[in-house]
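Trainee: Structure file final.json, JSON, C-alpha atoms, is pasted below:
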[["chain", "number", "residue", "atom", "x", "y", "z"],
["A", 653, "MET", "CA", -7.81, 25.95, 64.87],
["A", 654, "LYS", "CA", -8.04, 24.83, 61.27],
["A", 655, "LEU", "CA", -7.12, 27.31, 58.55],
["A", 656, "GLY", "CA", -9.75, 27.38, 55.84],
["A", 657, "TYR", "CA", -11.10, 29.26, 52.84],
["A", 658, "ASN", "CA", -14.59, 30.08, 51.59],
["A", 659, "THR", "CA", -15.51, 28.88, 48.10],
["A", 660, "ASN", "CA", -17.29, 32.17, 47.45],
["A", 661, "GLY", "CA", -13.79, 33.56, 46.97],
["A", 662, "LEU", "CA", -13.30, 31.22, 44.00],
["A", 663, "ALA", "CA", -16.57, 31.96, 42.23],
["A", 664, "PHE", "CA", -15.01, 31.69, 38.76],
["A", 665, "HIS", "CA", -13.53, 28.24, 39.41],
["A", 666, "ARG", "CA", -15.24, 24.90, 39.02],
["A", 667, "TRP", "CA", -16.01, 23.79, 42.57],
["A", 668, "ASP", "CA", -13.76, 20.73, 42.40],
["A", 669, "ASP", "CA", -10.84, 22.87, 41.20],
["A", 670, "ALA", "CA", -11.58, 25.28, 44.05],
["A", 671, "ILE", "CA", -11.47, 22.50, 46.64],
["A", 672, "ARG", "CA", -8.26, 21.15, 45.15],
["A", 673, "LEU", "CA", -6.57, 24.57, 45.19],
["A", 674, "ILE", "CA", -7.61, 25.18, 48.80],
["A", 675, "ALA", "CA", -6.35, 21.78, 49.93],
["A", 676, "GLU", "CA", -3.08, 21.83, 48.00],
["A", 677, "THR", "CA", -2.25, 25.25, 49.47],
["A", 678, "GLY", "CA", -2.36, 23.69, 52.93],
["A", 679, "TYR", "CA", -5.76, 24.68, 54.30],
["A", 680, "GLU", "CA", -7.50, 22.10, 56.47],
["A", 681, "SER", "CA", -11.08, 23.31, 56.20],
["A", 682, "VAL", "CA", -13.42, 24.69, 53.56],
["A", 683, "ALA", "CA", -16.48, 26.90, 53.90],
["A", 684, "ILE", "CA", -18.72, 25.67, 51.10],
["A", 685, "THR", "CA", -21.02, 28.41, 49.82],
["A", 686, "VAL", "CA", -24.01, 26.66, 48.30],
["A", 687, "ASP", "CA", -24.66, 28.36, 44.95],
["A", 688, "HIS", "CA", -25.80, 27.80, 41.37],
["A", 689, "TYR", "CA", -22.53, 26.05, 40.55],
["A", 690, "CYS", "CA", -21.84, 24.32, 43.88],
["A", 691, "LEU", "CA", -24.20, 21.90, 45.64],
["A", 692, "ASN", "CA", -27.28, 23.73, 44.38],
["A", 693, "PRO", "CA", -29.97, 22.17, 46.61],
["A", 694, "PHE", "CA", -32.58, 22.51, 43.84],
["A", 695, "SER", "CA", -30.50, 20.70, 41.23],
["A", 696, "SER", "CA", -31.63, 17.31, 39.94],
["A", 697, "ASP", "CA", -28.06, 15.95, 40.16],
["A", 698, "LEU", "CA", -27.53, 17.00, 43.79],
["A", 699, "PRO", "CA", -27.15, 13.43, 45.15],
["A", 700, "ALA", "CA", -24.29, 12.72, 42.74],
["A", 701, "ARG", "CA", -22.63, 16.09, 43.45],
["A", 702, "LEU", "CA", -22.86, 15.47, 47.20],
["A", 703, "GLN", "CA", -21.15, 12.11, 46.74],
["A", 704, "ASP", "CA", -18.41, 13.79, 44.73],
["A", 705, "MET", "CA", -17.98, 16.49, 47.36],
["A", 706, "ARG", "CA", -17.80, 14.00, 50.23],
["A", 707, "ALA", "CA", -15.19, 11.99, 48.33],
["A", 708, "MET", "CA", -13.06, 15.10, 47.78],
["A", 709, "LEU", "CA", -13.31, 16.20, 51.41],
["A", 710, "GLU", "CA", -12.27, 12.72, 52.51],
["A", 711, "LYS", "CA", -9.43, 12.55, 49.98],
["A", 712, "TYR", "CA", -7.93, 15.84, 51.18],
["A", 713, "GLN", "CA", -8.96, 15.35, 54.83],
["A", 714, "LEU", "CA", -10.83, 18.66, 54.89],
["A", 715, "SER", "CA", -13.43, 19.60, 57.45],
["A", 716, "SER", "CA", -16.26, 21.83, 56.25],
["A", 717, "VAL", "CA", -19.07, 24.18, 57.04],
["A", 718, "ILE", "CA", -22.03, 24.95, 54.80],
["A", 719, "GLU", "CA", -22.49, 28.64, 53.97],
["A", 720, "THR", "CA", -25.82, 30.01, 52.77],
["A", 721, "GLY", "CA", -24.99, 33.53, 51.60],
["A", 722, "ALA", "CA", -25.18, 33.06, 47.83],
["A", 723, "ARG", "CA", -26.25, 36.35, 46.29],
["A", 724, "PHE", "CA", -28.90, 35.46, 43.68],
["A", 725, "LEU", "CA", -29.69, 31.80, 44.21],
["A", 726, "LEU", "CA", -33.27, 32.28, 45.42],
["A", 727, "ASN", "CA", -34.10, 35.48, 43.55],
["A", 728, "PRO", "CA", -32.38, 36.41, 40.26],
["A", 729, "ARG", "CA", -33.36, 40.08, 40.61],
["A", 730, "VAL", "CA", -32.65, 40.94, 44.28],
["A", 731, "LYS", "CA", -29.45, 39.95, 46.08],
["A", 732, "HIS", "CA", -29.87, 37.70, 49.15],
["A", 733, "GLU", "CA", -33.69, 37.72, 48.95],
["A", 734, "PRO", "CA", -35.95, 36.35, 50.27],
["A", 735, "THR", "CA", -34.81, 36.18, 53.89],
["A", 736, "LEU", "CA", -36.09, 35.21, 57.31],
["A", 737, "VAL", "CA", -37.39, 38.76, 57.80],
["A", 738, "SER", "CA", -39.04, 39.24, 54.40],
["A", 739, "THR", "CA", -42.49, 40.84, 54.41],
["A", 740, "LYS", "CA", -44.44, 37.93, 52.94],
["A", 741, "LEU", "CA", -44.88, 34.67, 54.85],
["A", 742, "GLU", "CA", -44.40, 32.62, 51.68],
["A", 743, "ASP", "CA", -41.08, 34.33, 51.03],
["A", 744, "ARG", "CA", -39.84, 33.61, 54.55],
["A", 745, "ALA", "CA", -40.99, 30.01, 54.10],
["A", 746, "ARG", "CA", -38.88, 29.75, 50.95],
["A", 747, "ARG", "CA", -35.78, 30.80, 52.90],
["A", 748, "VAL", "CA", -36.61, 28.29, 55.64],
["A", 749, "ASP", "CA", -36.97, 25.54, 53.03],
["A", 750, "PHE", "CA", -33.60, 26.49, 51.52],
["A", 751, "LEU", "CA", -31.91, 26.40, 54.93],
["A", 752, "LYS", "CA", -33.40, 22.98, 55.67],
["A", 753, "ARG", "CA", -31.99, 21.69, 52.40],
["A", 754, "CYS", "CA", -28.60, 23.07, 53.41],
["A", 755, "ILE", "CA", -28.90, 21.29, 56.77],
["A", 756, "ASP", "CA", -29.49, 18.06, 54.86],
["A", 757, "GLU", "CA", -26.29, 18.68, 52.90],
["A", 758, "ALA", "CA", -24.35, 19.38, 56.08],
["A", 759, "ALA", "CA", -25.62, 16.17, 57.65],
["A", 760, "TYR", "CA", -24.50, 14.16, 54.61],
["A", 761, "LEU", "CA", -21.05, 15.79, 54.56],
["A", 762, "ASN", "CA", -20.68, 15.69, 58.37],
["A", 763, "SER", "CA", -20.01, 19.44, 58.30],
["A", 764, "ASP", "CA", -19.22, 21.35, 61.46],
["A", 765, "ALA", "CA", -22.18, 23.71, 61.07],
["A", 766, "VAL", "CA", -24.57, 25.53, 58.74],
["A", 767, "SER", "CA", -23.93, 29.27, 58.69],
["A", 768, "PHE", "CA", -26.74, 31.77, 58.00],
["A", 769, "TRP", "CA", -27.91, 35.32, 58.78],
["A", 770, "ALA", "CA", -31.07, 37.35, 59.32],
["A", 771, "GLY", "CA", -31.45, 39.49, 56.22],
["A", 772, "GLN", "CA", -32.37, 43.14, 55.74],
["A", 773, "LEU", "CA", -35.67, 44.39, 57.15],
["A", 774, "LYS", "CA", -37.47, 46.14, 54.29],
["A", 775, "ASP", "CA", -40.86, 46.97, 55.76],
["A", 776, "ASP", "CA", -41.96, 49.42, 58.42],
["A", 777, "ILE", "CA", -42.51, 47.35, 61.56],
["A", 778, "SER", "CA", -41.08, 47.68, 65.05],
["A", 779, "ARG", "CA", -37.80, 46.03, 65.95],
["A", 780, "GLU", "CA", -39.62, 43.81, 68.44],
["A", 781, "ALA", "CA", -42.02, 42.61, 65.75],
["A", 782, "ALA", "CA", -39.10, 41.98, 63.40],
["A", 783, "LEU", "CA", -37.27, 39.96, 66.05],
["A", 784, "ILE", "CA", -40.37, 37.85, 66.63],
["A", 785, "ARG", "CA", -40.62, 37.25, 62.88],
["A", 786, "LEU", "CA", -36.95, 36.23, 62.74],
["A", 787, "ALA", "CA", -37.25, 34.03, 65.82],
["A", 788, "GLN", "CA", -40.15, 32.13, 64.27],
["A", 789, "GLY", "CA", -38.00, 31.17, 61.31],
["A", 790, "CYS", "CA", -35.00, 30.35, 63.49],
["A", 791, "ARG", "CA", -37.13, 28.16, 65.72],
["A", 792, "GLU", "CA", -38.28, 26.04, 62.78],
["A", 793, "ILE", "CA", -34.73, 25.71, 61.49],
["A", 794, "ILE", "CA", -33.37, 24.81, 64.92],
["A", 795, "GLU", "CA", -35.94, 22.06, 65.36],
["A", 796, "TYR", "CA", -35.00, 20.60, 61.99],
["A", 797, "ALA", "CA", -31.26, 20.86, 62.67],
["A", 798, "ILE", "CA", -31.67, 19.07, 66.00],
["A", 799, "GLU", "CA", -33.29, 16.14, 64.18],
["A", 800, "LYS", "CA", -30.38, 16.02, 61.74],
["A", 801, "GLN", "CA", -27.74, 16.52, 64.46],
["A", 802, "VAL", "CA", -26.36, 19.61, 62.73],
["A", 803, "LYS", "CA", -25.16, 22.76, 64.51],
["A", 804, "LEU", "CA", -26.31, 26.19, 63.39],
["A", 805, "ALA", "CA", -23.97, 29.18, 63.27],
["A", 806, "PHE", "CA", -25.77, 32.53, 63.05],
["A", 807, "GLU", "CA", -23.76, 35.39, 61.54],
["A", 808, "PRO", "CA", -24.29, 39.02, 62.60],
["A", 809, "GLU", "CA", -23.96, 41.04, 59.40],
["A", 810, "PRO", "CA", -23.63, 44.82, 58.97],
["A", 811, "GLY", "CA", -26.78, 46.25, 57.40],
["A", 812, "MET", "CA", -29.00, 43.34, 58.45],
["A", 813, "LEU", "CA", -31.46, 43.10, 61.34],
["A", 814, "ILE", "CA", -28.81, 41.36, 63.46],
["A", 815, "GLU", "CA", -25.58, 43.32, 62.99],
["A", 816, "THR", "CA", -23.60, 42.79, 66.19],
["A", 817, "LEU", "CA", -22.96, 40.32, 68.98],
["A", 818, "ASN", "CA", -25.23, 42.44, 71.19],
["A", 819, "ASP", "CA", -27.98, 42.05, 68.58],
["A", 820, "PHE", "CA", -27.49, 38.28, 68.64],
["A", 821, "GLU", "CA", -27.84, 38.30, 72.41],
["A", 822, "GLU", "CA", -31.13, 40.16, 71.94],
["A", 823, "LEU", "CA", -32.29, 37.47, 69.50],
["A", 824, "THR", "CA", -31.50, 34.74, 72.02],
["A", 825, "GLN", "CA", -34.07, 36.28, 74.34],
["A", 826, "HIS", "CA", -36.66, 35.12, 71.79],
["A", 827, "VAL", "CA", -35.16, 31.81, 70.63],
["A", 828, "ASP", "CA", -32.25, 29.84, 72.01],
["A", 829, "HIS", "CA", -30.64, 26.41, 72.04],
["A", 830, "PRO", "CA", -27.09, 25.15, 72.81],
["A", 831, "ASP", "CA", -26.65, 24.18, 69.15],
["A", 832, "PHE", "CA", -27.78, 27.63, 67.96],
["A", 833, "GLY", "CA", -24.42, 29.37, 67.98],
["A", 834, "LEU", "CA", -22.41, 31.90, 66.05],
["A", 835, "THR", "CA", -20.46, 32.50, 62.92],
["A", 836, "VAL", "CA", -18.19, 35.35, 63.98],
["A", 837, "ASP", "CA", -16.84, 37.40, 61.09],
["A", 838, "ILE", "CA", -13.74, 39.14, 62.44],
["A", 839, "GLY", "CA", -14.04, 41.94, 59.90],
["A", 840, "HIS", "CA", -17.63, 42.62, 60.90],
["A", 841, "LEU", "CA", -16.55, 43.15, 64.50],
["A", 842, "GLN", "CA", -13.99, 45.71, 63.32],
["A", 843, "CYS", "CA", -16.52, 47.39, 61.03],
["A", 844, "MET", "CA", -19.12, 47.74, 63.80],
["A", 845, "GLY", "CA", -16.61, 48.90, 66.42],
["A", 846, "GLU", "CA", -16.81, 45.74, 68.53],
["A", 847, "THR", "CA", -13.24, 46.02, 69.73],
["A", 848, "PRO", "CA", -10.89, 44.93, 71.20],
["A", 849, "ILE", "CA", -11.97, 41.83, 69.34],
["A", 850, "SER", "CA", -10.36, 39.45, 71.86],
["A", 851, "GLN", "CA", -12.58, 40.87, 74.60],
["A", 852, "MET", "CA", -15.74, 40.91, 72.50],
["A", 853, "ILE", "CA", -15.57, 37.22, 71.62],
["A", 854, "GLN", "CA", -14.62, 35.97, 75.08],
["A", 855, "PRO", "CA", -18.18, 35.74, 76.51],
["A", 856, "TRP", "CA", -19.28, 33.78, 73.44],
["A", 857, "GLY", "CA", -16.49, 31.22, 73.32],
["A", 858, "HIS", "CA", -18.75, 28.21, 73.91],
["A", 859, "ARG", "CA", -21.16, 29.38, 71.19],
["A", 860, "ILE", "CA", -18.73, 30.13, 68.35],
["A", 861, "PHE", "CA", -18.96, 27.33, 65.77],
["A", 862, "ASN", "CA", -17.45, 29.09, 62.74],
["A", 863, "ILE", "CA", -15.08, 31.98, 62.04],
["A", 864, "HIS", "CA", -14.78, 34.20, 58.96],
["A", 865, "ILE", "CA", -11.59, 36.20, 58.71],
["A", 866, "GLU", "CA", -10.28, 38.96, 56.48],
["A", 867, "ASP", "CA", -9.09, 42.54, 57.00],
["A", 868, "MET", "CA", -11.49, 45.48, 57.38],
["A", 869, "SER", "CA", -11.68, 49.07, 58.61],
["A", 870, "PHE", "CA", -14.00, 50.67, 61.13],
["A", 871, "GLY", "CA", -17.29, 51.87, 59.68],
["A", 872, "LYS", "CA", -16.84, 50.38, 56.19],
["A", 873, "HIS", "CA", -18.18, 46.94, 55.29],
["A", 874, "ASP", "CA", -15.52, 46.09, 52.73],
["A", 875, "HIS", "CA", -13.70, 42.74, 52.93],
["A", 876, "LEU", "CA", -10.00, 43.44, 52.41],
["A", 877, "ARG", "CA", -6.86, 41.38, 51.91],
["A", 878, "PHE", "CA", -4.72, 40.96, 54.98],
["A", 879, "GLY", "CA", -2.71, 44.10, 55.70],
["A", 880, "GLU", "CA", -5.09, 46.46, 53.89],
["A", 881, "GLY", "CA", -7.33, 47.25, 56.88],
["A", 882, "GLU", "CA", -7.12, 48.09, 60.56],
["A", 883, "ILE", "CA", -7.53, 44.77, 62.38],
["A", 884, "ASP", "CA", -5.10, 43.84, 65.15],
["A", 885, "PHE", "CA", -4.67, 40.20, 64.21],
["A", 886, "GLU", "CA", -2.36, 39.34, 67.08],
["A", 887, "ASP", "CA", -5.18, 40.40, 69.41],
["A", 888, "VAL", "CA", -7.65, 38.32, 67.40],
["A", 889, "LEU", "CA", -5.56, 35.15, 67.55],
["A", 890, "ALA", "CA", -4.85, 35.68, 71.24],
["A", 891, "GLY", "CA", -8.58, 35.91, 71.83],
["A", 892, "LEU", "CA", -9.31, 32.75, 69.87],
["A", 893, "LYS", "CA", -6.66, 30.89, 71.84],
["A", 894, "GLN", "CA", -8.14, 32.17, 75.11],
["A", 895, "ILE", "CA", -11.51, 30.62, 74.26],
["A", 896, "SER", "CA", -9.81, 27.41, 73.03],
["A", 897, "TYR", "CA", -11.42, 27.69, 69.62],
["A", 898, "THR", "CA", -10.74, 24.59, 67.52],
["A", 899, "GLY", "CA", -12.99, 25.09, 64.52],
["A", 900, "GLY", "CA", -12.39, 26.49, 61.07],
["A", 901, "LEU", "CA", -10.82, 29.90, 60.49],
["A", 902, "HIS", "CA", -12.18, 30.63, 57.01],
["A", 903, "VAL", "CA", -10.86, 33.42, 54.81],
["A", 904, "GLU", "CA", -13.80, 35.25, 53.20],
["A", 905, "LEU", "CA", -12.87, 37.39, 50.21],
["A", 906, "SER", "CA", -15.77, 36.88, 47.81],
["A", 907, "ARG", "CA", -15.00, 40.00, 45.77],
["A", 908, "HIS", "CA", -11.49, 38.77, 44.99],
["A", 909, "SER", "CA", -12.53, 35.78, 42.91],
["A", 910, "HIS", "CA", -10.93, 37.33, 39.81],
["A", 911, "MET", "CA", -7.54, 36.90, 41.51],
["A", 912, "ALA", "CA", -8.35, 33.87, 43.66],
["A", 913, "PRO", "CA", -5.16, 31.83, 43.11],
["A", 914, "ASP", "CA", -2.99, 34.71, 44.31],
["A", 915, "VAL", "CA", -5.18, 35.57, 47.29],
["A", 916, "VAL", "CA", -5.59, 31.95, 48.36],
["A", 917, "GLN", "CA", -1.80, 31.56, 48.31],
["A", 918, "GLU", "CA", -0.93, 34.81, 50.11],
["A", 919, "SER", "CA", -3.53, 34.39, 52.87],
["A", 920, "PHE", "CA", -2.25, 31.03, 54.03],
["A", 921, "PRO", "CA", 1.24, 32.03, 55.27],
["A", 922, "PHE", "CA", -0.16, 35.19, 56.85],
["A", 923, "LEU", "CA", -2.52, 33.15, 59.04],
["A", 924, "ARG", "CA", -0.09, 30.28, 59.57],
["A", 925, "ASP", "CA", 2.55, 32.67, 60.90],
["A", 926, "LEU", "CA", 0.00, 34.25, 63.24],
["A", 927, "LEU", "CA", -0.93, 30.86, 64.67],
["A", 928, "GLU", "CA", 2.73, 30.22, 65.45],
["A", 929, "VAL", "CA", 3.03, 33.39, 67.57],
["A", 930, "PRO", "CA", 3.47, 32.24, 71.23]]
Transcribe the structure of this file into structure tokens.

Mentor:
Amino acid sequence: MKLGYNTNGLAFHRWDDAIRLIAETGYESVAITVDHYCLNPFSSDLPARLQDMRAMLEKYQLSSVIETGARFLLNPRVKHEPTLVSTKLEDRARRVDFLKRCIDEAAYLNSDAVSFWAGQLKDDISREAALIRLAQGCREIIEYAIEKQVKLAFEPEPGMLIETLNDFEELTQHVDHPDFGLTVDIGHLQCMGETPISQMIQPWGHRIFNIHIEDMSFGKHDHLRFGEGEIDFEDVLAGLKQISYTGGLHVELSRHSHMAPDVVQESFPFLRDLLEVP
């Protein structure tokens, strides 16, 4: 496993300073949240910024994943919109286009995966119809990712159409591919009551391409610093070792950007010490 950190937890830093801080702390991987200030896929200077990013990743020997959860990148008025389950076809197409651009970035950076989620369902249709709508978008993205030789890591997210690992299994009845895997957020499992976490992830070991980690409590989707929630981290790490997970273990504390240097520093020894537990 490679300890890592998500750049959405350093939202008030210049992206190059964020990468430098992550690397110099000792992390070996970075989850790059594409945003206004970091690898904006609609920016005219994207090719130059991608070159700069690749050079920094190579300099610090960091692996990476591309994260697509920026809050207001596609719509300045509504967080995370549009999505793959938006009402209008043109809105869903805009999300698909964005994800394809992120796949291009991942291919250029040789990232481990592109991480994405379903979105909130905001119109009155059946769950089956919503799943079909989501699967249509996923299918187009999967086909594009296959061409670019990029893996996709789908994240179940509390409050969205796909909230749990069981929901993801339901989605795979509509669309599936070996390179269509999972981003597992450890806190989300705790929040949704998918415990013991070691047992919940075991059946999905071969499909987990990315991990988000933070503390959290049952029933409350609030990303917490380590030690502030209810997660049994020894169980979590035992489970990850059982499935022989070798990818990035990325801290995700996006609401702690105002104190990022402290949280980046304190999170590293907490996880490092866990990894050293026999």

Trainee: Quick one: of A:Val836, A:Met852, A:Ala805, A:Ile671, who's nearest to Lys711 of chain A, counting all atoms listed in the file?

Mentor: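 Result for the nearest residue to Lys711 of chain A: A:Ile671.
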
Trainee: Tell me which of A:Leu714, A:Leu709, A:Ala912, A:Ile853 sits closest to Val888 of chain A, counting all atoms listed in the file.

Mentor: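 Checking each candidate against Val888 of chain A, we get A:Ile853 as the closest.
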
Trainee: Between atom CA of Leu655 of chain A and atom CA of Ser695 of chain A, what is the spacing in Å?

Mentor: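 Taking atom CA of Ser695 of chain A as the start and atom CA of Leu655 of chain A as the end point, the length is 29.8 Å.
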
Trainee: Measure the distance from atom CA of Arg747 of chain A to atom CA of Leu691 of chain A in Å and round it to one decimal.

Mentor: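 Between atom CA of Arg747 of chain A and atom CA of Leu691 of chain A the gap is 16.3 Å.
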
Trainee: Could you state the separation of atom CA of Thr659 of chain A and atom CA of Asp867 of chain A in Å, given to one decimal place?

Mentor: 17.5 Å

Trainee: Nearest residue to Tyr897 of chain A out of A:Leu923, A:Asp874, A:Asp669, A:Ile863, using all atoms listed in the file?

Mentor: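 Selected residue with least distance to Tyr897 of chain A: A:Ile863.
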